[in-house]
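> Dumping the structure here so I can ask a few things about it.
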Amino acid sequence: MQVMMKLGSREHKQLFCRSFLDTYLDYEPENLPWPNLDPVSLERLRRIPFWREALLTESEAGVMVSAFAETITDPLIKEAVALQGREEHRHARLLRHLIERYDIEVSPLPEITVPDQIETAFTDFGFGECLDSYFAFGMFDLARQAQYMPESVFKIFDPILDEEARHIVFFVNWVTYLHIQQGWNVEGLRSFRALWHYGKALKTLIQAFGGSADQQEGKPFTASEAGHFMDDLTANQFFKTCLDANQQRMQRFDEQLLQPLLMPRLSKLALTCLRLWPSRNPVPSVQGG
Ligand SMILES: [Fe+2]
Ligand SMILES: [Fe+2]
């Protein structure tokens, strides 16, 4: 019979670090099977508003996560965080390759510097990544269902989203491990602290929800922009797809590991509310087709 692993223990650390390190995928973005796109797909790809924001986020993440790894004393955690740093750098390289290959117009990025409070920056980034990835998984599935792009494009991005899933699972386990190690061993206090960080990330997300279609470059990709990929998208369909997509990405992880729970819980709540108070309002469409 399997013995339950204790959160914050050495076994916990071994598990979340090892499962992260052992699932590394070796590839070079430039060597992936990039397809030649037909004019319609090419135009659609160029119209997606978030390429600059995504490139900036990944570039900043690469620099910040790699710098944070340098400050860590625990060799195993250091190795895992350093790997995440390399993966974020690789995401930036992949996006840069895509932008150049398909001639997507993106204004130059600002100079990227290492934040002063590096652990706080990594923690804020981690909570933010939990929220962003949750929506990215759902958006990706919506776009795939709507065949917004040829399947060959989705095949290139699928492993990238799996990498983000690995990052957020690593992160929630790391942050819990750290809080327990620092003496935050009361469940309620840990949850409260996590909620505070999520609150910060949520604030950014809510501001993003208020963004309009004309503020395209430099704005985070928002749920309302899901209308890019599918006409007549209902809120119900949106939350359901996010929930299912998240479950699918998360089911591959060891059951003993923690997973980000806030967004799945909020989505379930939203779905219950939508069942109780049905509305015909679709998620606002940014542009038709
Ligand atoms: Fe990334
Ligand atoms: Fe990431």
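Following the order of the structure tokens, chains are lettered A, B, ..., residues in each are numbered from 1, and ligands are numbered from 1.
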I'd like the contact shell of Trp277 of chain A - 12 Å cut-off, only C-alpha atoms, skipping same-chain residues fewer than 6 positions apart - returned as JSON, numbers by chain.

{"A": [235, 236, 270, 271]}

> Throw together the list of residues within 8 Å of ligand 2, counting only C-alpha atoms and all ligand atoms, and drop it here as a ChimeraX atom specification.

/A:58,61,84,87-88,129,163-168

> Please give me, as number ranges by chain, the residues lying within 12 Å of ligand 1 when counting only C-alpha atoms and all ligand atoms.

A: 53-65, 83-95, 125-126, 128-130, 132-133, 136, 157, 159-168

> Could those residues be written to a file, using C-alpha atoms, as a compact mmCIF listing (two decimals), in the first residue's frame?


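In the end it all went to out07.txt:
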```
# COMPACT_ATOMS: atom_id res chain seq x y z
CA GLU A 53 2.81 40.53 -25.22
CA ALA A 54 3.59 36.81 -25.33
CA LEU A 55 7.13 37.45 -26.59
CA LEU A 56 7.73 40.05 -23.90
CA THR A 57 6.33 37.81 -21.14
CA GLU A 58 8.44 34.82 -22.21
CA SER A 59 11.59 36.94 -22.66
CA GLU A 60 11.18 38.54 -19.22
CA ALA A 61 10.39 35.14 -17.70
CA GLY A 62 13.55 33.59 -19.18
CA VAL A 63 15.74 36.29 -17.69
CA MET A 64 13.98 36.45 -14.31
CA VAL A 65 13.59 32.68 -13.73
CA LEU A 83 15.54 24.23 -16.33
CA GLN A 84 12.36 26.29 -16.19
CA GLY A 85 14.46 29.36 -17.03
CA ARG A 86 15.86 27.59 -20.10
CA GLU A 87 12.37 26.52 -21.13
CA GLU A 88 11.07 30.10 -20.86
CA HIS A 89 14.03 31.30 -22.96
CA ARG A 90 13.14 28.62 -25.49
CA HIS A 91 9.50 29.80 -25.56
CA ALA A 92 10.77 33.28 -26.40
CA ARG A 93 12.98 31.83 -29.15
CA LEU A 94 10.03 29.87 -30.52
CA LEU A 95 7.84 32.98 -30.64
CA PHE A 125 5.05 35.34 -11.86
CA GLY A 126 4.14 31.81 -10.72
CA GLY A 128 0.11 34.83 -12.61
CA GLU A 129 1.21 31.88 -14.74
CA CYS A 130 -1.35 29.65 -12.99
CA ASP A 132 -2.80 32.71 -17.60
CA SER A 133 -2.11 29.08 -18.40
CA ALA A 136 -4.47 29.56 -22.48
CA PHE A 157 2.10 24.65 -29.72
CA PRO A 159 3.97 20.68 -26.15
CA ILE A 160 4.53 24.34 -25.20
CA LEU A 161 1.28 24.31 -23.24
CA ASP A 162 2.32 21.04 -21.62
CA GLU A 163 5.50 22.79 -20.54
CA GLU A 164 3.43 25.58 -18.99
CA ALA A 165 1.37 22.92 -17.20
CA ARG A 166 4.63 21.49 -15.81
CA HIS A 167 5.71 24.97 -14.72
CA ILE A 168 2.54 25.70 -12.76
```

> Please identify all polymer residues within 12 Å of Leu42 of chain A, counting only C-alpha atoms, omitting same-chain residues fewer than 4 positions from it, and present them as a ChimeraX atom specification.

/A:35-38,46-48,98-99,101-104,148-150,153

> For the selection just defined, write its residues with C-alpha atoms to a file, as a PDB file, in the first residue's frame.


```pdb
ATOM      1  CA  PRO A  35       4.122  24.526 -42.084  1.00  0.00           C
ATOM      2  CA  ASN A  36       3.714  26.812 -45.077  1.00  0.00           C
ATOM      3  CA  LEU A  37       0.425  28.587 -44.449  1.00  0.00           C
ATOM      4  CA  ASP A  38      -2.312  29.377 -46.937  1.00  0.00           C
ATOM      5  CA  ARG A  46      -1.064  37.853 -38.134  1.00  0.00           C
ATOM      6  CA  ARG A  47      -4.311  39.249 -36.730  1.00  0.00           C
ATOM      7  CA  ILE A  48      -3.939  37.475 -33.374  1.00  0.00           C
ATOM      8  CA  LEU A  98       7.238  32.284 -35.538  1.00  0.00           C
ATOM      9  CA  ILE A  99       7.139  36.077 -35.805  1.00  0.00           C
ATOM     10  CA  ARG A 101       8.911  33.104 -40.289  1.00  0.00           C
ATOM     11  CA  TYR A 102       5.375  34.374 -40.839  1.00  0.00           C
ATOM     12  CA  ASP A 103       6.339  38.025 -41.041  1.00  0.00           C
ATOM     13  CA  ILE A 104       4.162  39.169 -38.129  1.00  0.00           C
ATOM     14  CA  TYR A 148      -8.820  28.466 -36.690  1.00  0.00           C
ATOM     15  CA  MET A 149      -5.424  27.273 -37.948  1.00  0.00           C
ATOM     16  CA  PRO A 150      -4.249  24.105 -39.687  1.00  0.00           C
ATOM     17  CA  VAL A 153       0.205  24.741 -36.091  1.00  0.00           C
TER      18      VAL A 153
END
```

> Record the distance separating atom CA of His97 of chain A and atom CA of Phe137 of chain A, expressed in Å with one decimal.

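Computing the Euclidean distance for atom CA of His97 of chain A and atom CA of Phe137 of chain A yields 21.6 Å.
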
> If I take atom CA of Ile72 of chain A and atom CA of Glu28 of chain A, how far is one from the other in Å, to one decimal?

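Interatomic distance, atom CA of Ile72 of chain A to atom CA of Glu28 of chain A: 27.0 Å.
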